[in-house]
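Colleague: Provided herewith: query_37.txt, compact mmCIF, C-alpha atoms.
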# COMPACT_ATOMS: atom_id res chain seq x y z
CA LYS A 1 33.19 2.51 -31.13
CA VAL A 2 30.08 3.12 -29.09
CA PHE A 3 28.80 0.32 -26.91
CA TYR A 4 25.20 0.18 -25.75
CA LYS A 5 23.88 -1.81 -22.84
CA ILE A 6 20.25 -2.86 -22.89
CA SER A 7 18.44 -1.73 -19.75
CA LYS A 8 15.83 -3.97 -18.15
CA ASP A 9 13.74 -1.00 -17.12
CA ALA A 10 13.18 2.66 -18.00
CA ARG A 11 11.82 5.73 -16.29
CA ASP A 12 8.35 6.84 -17.32
CA ILE A 13 6.89 9.94 -15.60
CA GLY A 14 8.81 9.24 -12.42
CA VAL A 15 8.01 5.52 -12.14
CA SER A 16 9.74 2.45 -13.50
CA TYR A 17 8.54 0.82 -16.71
CA THR A 18 9.57 -2.70 -17.63
CA ALA A 19 6.98 -3.63 -20.29
CA GLY A 20 5.63 -6.28 -17.93
CA ILE A 21 8.91 -8.24 -17.87
CA LYS A 22 9.63 -7.78 -14.17
CA ARG A 23 8.50 -5.79 -11.16
CA PRO A 24 8.95 -2.05 -11.96
CA SER A 25 10.45 -1.12 -8.60
CA SER A 26 13.90 0.34 -9.35
CA GLU A 27 12.76 3.99 -9.23
CA LEU A 28 10.75 3.41 -6.05
CA ILE A 29 13.76 1.87 -4.29
CA LYS A 30 15.91 4.84 -5.35
CA LYS A 31 13.35 7.24 -3.88
CA PHE A 32 13.05 5.21 -0.70
CA ASP A 33 16.81 5.09 -0.15
CA GLY A 34 17.20 8.76 -1.11
CA ALA A 35 14.65 9.89 1.49
CA LYS A 36 16.49 8.20 4.35
CA GLY A 37 18.38 11.36 5.33
CA ARG A 38 15.21 13.43 5.31
CA ASN A 39 13.42 10.95 7.55
CA ASN A 40 16.38 10.79 9.93
CA LYS A 41 16.18 14.58 10.34
CA ILE A 42 12.43 14.34 11.02
CA ALA A 43 13.11 11.65 13.65
CA ALA A 44 15.71 13.93 15.30
CA LEU A 45 13.24 16.84 15.38
CA SER A 46 10.55 14.61 16.88
CA LYS A 47 12.74 14.10 19.94
CA ILE A 48 12.41 17.86 20.53
CA SER A 49 8.74 18.15 19.59
CA ARG A 50 6.38 15.33 18.75
CA ASN A 51 4.54 17.66 16.38
CA ALA A 52 7.41 16.99 13.98
CA ARG A 53 5.57 13.83 12.94
CA LYS A 54 3.49 16.11 10.71
CA LEU A 55 6.62 16.57 8.60
CA PHE A 56 6.62 12.85 7.90
CA SER A 57 2.98 12.92 6.79
CA GLY A 58 3.55 15.91 4.54
CA SER A 59 7.04 15.23 3.23
CA GLY A 60 8.80 12.07 4.40
CA PHE A 61 6.01 9.72 3.32
CA SER A 62 5.58 11.12 -0.19
CA ALA A 63 9.31 11.46 -0.81
CA SER A 64 9.87 7.83 0.15
CA ILE A 65 7.26 6.05 -1.97
CA TRP A 66 5.96 8.38 -4.68
CA GLY A 67 4.56 6.26 -7.52
CA HIS A 68 4.01 3.18 -5.33
CA PRO A 69 0.68 2.10 -6.95
CA ALA A 70 2.62 1.15 -10.09
CA CYS A 71 4.77 -1.48 -8.38
CA GLY A 72 3.50 -1.97 -4.83
CA LEU A 73 5.53 -2.38 -1.67
CA SER A 74 6.86 -5.69 -0.40
CA LEU A 75 6.30 -6.69 3.22
CA SER A 76 9.90 -5.82 4.08
CA LEU A 77 9.59 -2.36 2.52
CA LEU A 78 6.29 -1.77 4.31
CA THR A 79 8.00 -2.66 7.59
CA GLN A 80 10.88 -0.28 6.90
CA LEU A 81 8.43 2.52 6.10
CA GLU A 82 6.49 1.87 9.30
CA ARG A 83 9.72 1.99 11.30
CA ARG A 84 10.57 5.36 9.78
CA ALA A 85 7.09 6.62 10.64
CA ALA A 86 7.31 5.27 14.20
CA ASN A 87 10.69 6.97 14.66
CA SER A 88 9.11 10.27 13.62
CA THR A 89 6.50 10.08 16.41
CA GLY A 90 9.01 10.91 19.13
CA ILE A 91 8.09 7.77 21.07
CA LYS A 92 11.17 5.90 22.25
CA ALA A 93 11.76 2.58 20.53
CA GLU A 94 12.33 0.74 23.82
CA GLY A 95 9.09 -1.03 24.71
CA ARG A 96 7.21 0.63 21.87
CA CYS A 97 4.44 -1.18 20.01
CA ARG A 98 4.84 -0.03 16.42
CA HIS A 99 1.19 -0.61 15.51
CA LEU A 100 -0.19 1.30 18.52
CA ALA A 101 2.34 4.11 18.07
CA LEU A 102 1.32 4.62 14.44
CA THR A 103 -2.44 4.37 14.98
CA THR A 104 -2.26 6.70 17.99
CA CYS A 105 -0.10 9.37 16.36
CA PHE A 106 -1.36 9.23 12.76
CA GLY A 107 -4.86 7.83 13.28
CA HIS A 108 -6.12 4.31 12.61
CA LYS A 109 -7.06 5.32 9.07
CA GLY A 110 -4.15 7.68 8.43
CA HIS A 111 -1.02 5.71 9.29
CA PRO A 112 1.41 4.93 6.42
CA LYS A 113 0.14 1.45 5.53
CA ALA A 114 -3.47 2.66 5.55
CA ARG A 115 -2.54 5.55 3.25
CA ILE A 116 -0.82 3.15 0.85
CA PHE A 117 -3.90 0.94 0.58
CA ARG A 118 -6.19 3.98 0.28
CA GLU A 119 -4.17 5.54 -2.53
CA THR A 120 -3.83 2.25 -4.40
CA ILE A 121 -7.55 1.42 -4.21
CA ASN A 122 -8.48 5.00 -5.15
CA MET A 123 -6.30 4.86 -8.24
CA PHE A 124 -7.74 1.48 -9.22
CA LEU A 125 -11.31 2.78 -8.89
CA GLN A 126 -10.46 5.84 -11.00
CA MET A 127 -8.99 3.59 -13.68
CA LEU A 128 -12.02 1.30 -13.53
CA GLN A 129 -14.36 4.26 -13.98
CA PHE A 130 -12.28 5.58 -16.89
CA TYR A 131 -12.38 2.28 -18.78
CA GLN A 132 -16.09 1.80 -18.13
CA LYS A 133 -16.80 5.12 -19.84
CA SER A 134 -14.69 4.15 -22.85
CA ASN A 135 -14.95 1.35 -25.38
CA ASP A 136 -11.84 -0.33 -23.98
CA PHE A 137 -13.40 -1.92 -20.89
CA PRO A 138 -13.10 -5.46 -22.38
CA LEU A 139 -9.34 -4.88 -22.62
CA LEU A 140 -9.20 -4.10 -18.88
CA VAL A 141 -11.21 -7.24 -18.11
CA LYS A 142 -8.82 -9.31 -20.22
CA ALA A 143 -5.75 -7.79 -18.55
CA TRP A 144 -7.23 -8.34 -15.07
CA GLU A 145 -8.01 -11.99 -15.80
CA LYS A 146 -4.48 -12.52 -17.10
CA ALA A 147 -3.00 -10.95 -13.95
CA ARG A 148 -5.35 -12.94 -11.71
CA ALA A 149 -4.37 -16.18 -13.46
CA ALA A 150 -0.78 -15.53 -12.36
CA CYS A 151 -1.90 -15.99 -8.69
CA ILE A 152 -0.04 -12.97 -7.28
CA THR A 153 1.07 -13.91 -3.75
CA PHE A 154 4.53 -12.29 -3.58
CA ALA A 155 5.65 -8.74 -4.37
CA SER A 156 8.27 -10.12 -6.76
CA GLU A 157 5.42 -11.33 -9.02
CA ILE A 158 4.03 -7.82 -9.51
CA ARG A 159 4.19 -6.50 -13.09
CA GLY A 160 2.10 -3.33 -12.82
CA HIS A 161 -0.83 -1.64 -11.12
CA LEU A 162 -3.31 -4.50 -11.65
CA SER A 163 -1.03 -7.10 -10.08
CA THR A 164 -0.28 -4.63 -7.27
CA MET A 165 -3.99 -4.48 -6.49
CA LEU A 166 -4.24 -8.27 -6.60
CA TYR A 167 -1.24 -8.58 -4.27
CA TYR A 168 -2.85 -6.25 -1.73
CA LEU A 169 -6.12 -8.18 -1.94
CA HIS A 170 -4.13 -11.33 -1.15
CA LEU A 171 -2.60 -9.63 1.92
CA LEU A 172 -6.09 -8.75 3.13
CA GLY A 173 -7.39 -12.27 2.54
CA TRP A 174 -9.85 -10.95 -0.05
CA LYS A 175 -10.62 -12.56 -3.41
CA SER A 176 -11.46 -11.17 -6.82
CA ILE A 177 -14.40 -12.72 -8.66
CA ALA A 178 -14.06 -10.22 -11.51
CA VAL A 179 -12.36 -6.89 -12.11
CA ASN A 180 -15.34 -5.12 -10.55
CA VAL A 181 -16.48 -7.74 -8.01
CA TRP A 182 -14.50 -8.56 -4.87
CA VAL A 183 -15.27 -10.82 -1.91
CA ASP A 184 -13.85 -9.89 1.50
CA HIS A 185 -12.61 -12.19 4.26
CA SER A 186 -16.11 -12.42 5.78
CA GLY A 187 -17.69 -13.53 2.50
CA ASN A 188 -19.31 -10.17 1.75
CA SER A 189 -19.43 -9.29 -1.94
CA TRP A 190 -18.42 -5.82 -3.16
CA THR A 191 -19.58 -4.66 -6.60
CA LEU A 192 -17.22 -1.78 -7.27
CA ASP A 193 -19.30 -0.09 -9.94
CA GLY A 194 -22.64 -0.64 -8.20
CA ASP A 195 -24.75 2.20 -6.81
CA SER A 196 -24.81 0.50 -3.41
CA THR A 197 -21.02 0.56 -3.02
CA SER A 198 -19.37 3.76 -1.86
CA PRO A 199 -15.62 4.00 -2.58
CA GLU A 200 -15.02 5.35 0.91
CA THR A 201 -16.96 2.47 2.49
CA LEU A 202 -14.88 -0.04 0.52
CA ILE A 203 -11.61 1.65 1.46
CA CYS A 204 -12.57 1.85 5.16
CA ALA A 205 -13.48 -1.85 5.13
CA ALA A 206 -10.07 -2.68 3.65
CA ILE A 207 -8.26 -0.51 6.22
CA ASP A 208 -10.25 -2.02 9.10
CA ARG A 209 -9.22 -5.49 7.90
CA LEU A 210 -5.61 -4.30 7.63
CA ASN A 211 -5.68 -2.91 11.18
CA GLY A 212 -7.21 -6.15 12.43
CA LEU A 213 -4.38 -8.19 10.91
CA ASP A 214 -1.75 -5.87 12.35
CA ALA A 215 -3.37 -5.96 15.79
CA LEU A 216 -3.41 -9.75 15.65
CA ASN A 217 0.29 -9.76 14.80
CA ALA A 218 1.02 -7.26 17.57
CA SER A 219 -0.80 -9.45 20.10
CA LEU A 220 1.90 -12.10 19.63
CA HIS A 221 4.54 -9.71 20.97
CA TYR A 222 5.45 -9.25 24.63
CA GLY A 223 2.54 -7.76 26.59
CA GLY A 224 0.26 -7.75 23.54
CA ASN A 225 -2.34 -10.19 24.81
CA GLY A 226 -5.86 -8.85 24.35
CA MET A 227 -5.29 -7.20 20.97
CA GLN A 228 -6.00 -10.33 18.98
CA ASP A 229 -9.73 -9.57 18.71
CA GLY A 230 -9.12 -6.06 17.42
CA ILE A 231 -9.00 -2.61 19.00
CA ASP A 232 -11.86 -0.17 19.56
CA TYR A 233 -9.92 2.85 18.28
CA ASN A 234 -12.76 5.32 18.82
CA ASN A 235 -13.04 4.59 22.56
CA THR A 236 -9.41 3.78 23.32
Could you take the file, read its structure, and then write that structure out as structure tokens?

Modeller:
Amino acid sequence: KVFYKISKDARDIGVSYTAGIKRPSSELIKKFDGAKGRNNKIAALSKISRNARKLFSGSGFSASIWGHPACGLSLSLLTQLERRAANSTGIKAEGRCRHLALTTCFGHKGHPKARIFRETINMFLQMLQFYQKSNDFPLLVKAWEKARAACITFASEIRGHLSTMLYYLHLLGWKSIAVNVWVDHSGNSWTLDGDSTSPETLICAAIDRLNGLDALNASLHYGGNGMQDGIDYNNT
């Protein structure tokens, strides 16, 4: 006799596929856990030369979270990734501010969390452009409205790329009026397919908001007073 066990997810081009039943994160977690040894070696090399952090940008980051736009990263996984990145900077953990270490060594628009948001938004904009050129745009609108109706506020509620984008908008404090119209935390409206909206401008605005939230959180730590109003990264 041959016994078969029904799997709750499957692998599809390197990412998990669950047919929208649950968060497709099993493959991502396998990659993240599998890259731990690689990142530990990068951290060891960074103690000899801080230039070793370039190995994390080129290898450790991608090996850890390839395919992340399909399922997103929870807050705990984002924190673990940032810790790995901070360890690869060569800065000792004692007395280290993780946010300042990452923005100083990788750039305020190039640290791991910023790259995650950039890649996710870029992929969403590419998908939006693809559907707008086809006759299937109403299907995307319908899928977006269905995902938005689910009120995605936790990573466990993610079912695919659309809900990942909605989850990240929630983290930023932004709202979605429609699939192609977003409103940021200051009340500014962004029309994604409008001629007045540059993808890079939108992404930079999202990253600036992300850095502002992280700086606010860092200001609550020991010796962090003064960061709550943001950091002038260009002149610091």

Colleague: Kindly indicate which residue among A:Gly20, A:Gly34, A:Gly187, A:Gly60 lies nearest to Pro112 in chain A, using all atoms listed in the file for the distances.

Modeller: A:Gly60

Colleague: To one decimal in Å, tell me the separation between CA of Lys146 in chain A and CA of Arg11 in chain A.

Modeller: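 About the pair CA of Lys146 in chain A and CA of Arg11 in chain A: they are 24.5 Å apart.
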
Colleague: Which protein, DNA or RNA residues are at most 8 Å from (12.8, -3.3, -14.5) in the file's coordinates when you count only C-alpha atoms, listed as a list in words?

Modeller: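 Those within range, by chain then number, are Ser7, Lys8, Asp9, Ala10, Ser16, Tyr17, Thr18, Ile21, Lys22, Arg23, Pro24, Ser25 and Ser26 of chain A.
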
Colleague: Please measure the separation of CA of Gly72 in chain A and CA of Ser57 in chain A, giving the value in Å to one decimal.

Modeller: 18.9 Å

Colleague: Give the answer as one residue: which of A:Asn211, A:Thr153, A:Ser189, A:Ser64 has the shortest atom-to-atom distance to His108 in chain A, using all atoms listed in the file?

Modeller: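 Answer, going by the shortest atom-to-atom distance: A:Asn211.
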
Colleague: How far is it from CA of Arg53 in chain A to CA of Ala114 in chain A, in Å with one decimal?

Modeller: 16.2 Å

Colleague: From the set A:Ala86, A:Cys105, A:Val179, A:Leu166, which residue has the shortest atom-to-atom contact distance to Leu140 in chain A, counting all atoms listed in the file?

Modeller: A:Val179

Colleague: Which one of A:Leu81, A:Gly67, A:Lys5, A:Asn225 sits closest to Lys36 in chain A if you count all atoms listed in the file?

Modeller: A:Leu81

Colleague: Excluding Tyr222 in chain A and any residue of its chain fewer than 6 positions from it, enumerate the residues within 12 Å of it, using all atoms listed in the file, and give them as a list in words.

Modeller: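 Everything that qualifies: Gly95, Arg96 and Cys97 of chain A.
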
Colleague: Got time to write the residues from that selection, C-alpha atoms, as a PDB file, in the coordinates of the input?

Modeller:
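The result, stored in again12.pdb:
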ATOM      1  CA  GLY A  95       9.090  -1.030  24.710  1.00  0.00           C
ATOM      2  CA  ARG A  96       7.210   0.630  21.870  1.00  0.00           C
ATOM      3  CA  CYS A  97       4.440  -1.180  20.010  1.00  0.00           C
TER       4      CYS A  97
END

Colleague: Tell me which of A:Phe124, A:Ser163, A:Ile48, A:Asn234 sits closest to Ala143 in chain A, counting only C-alpha atoms.

Modeller: A:Ser163

Colleague: Tell me which of A:Phe117, A:Phe137, A:Tyr233, A:Phe61 sits closest to Thr103 in chain A, counting only C-alpha atoms.

Modeller: A:Tyr233

Colleague: Which polymer residues have any atom within 9 Å of an atom of Glu82 in chain A, counting only C-alpha atoms, with same-chain residues fewer than 6 positions away left out, as a ChimeraX atom specification?

Modeller: /A:98-99,102,111-113
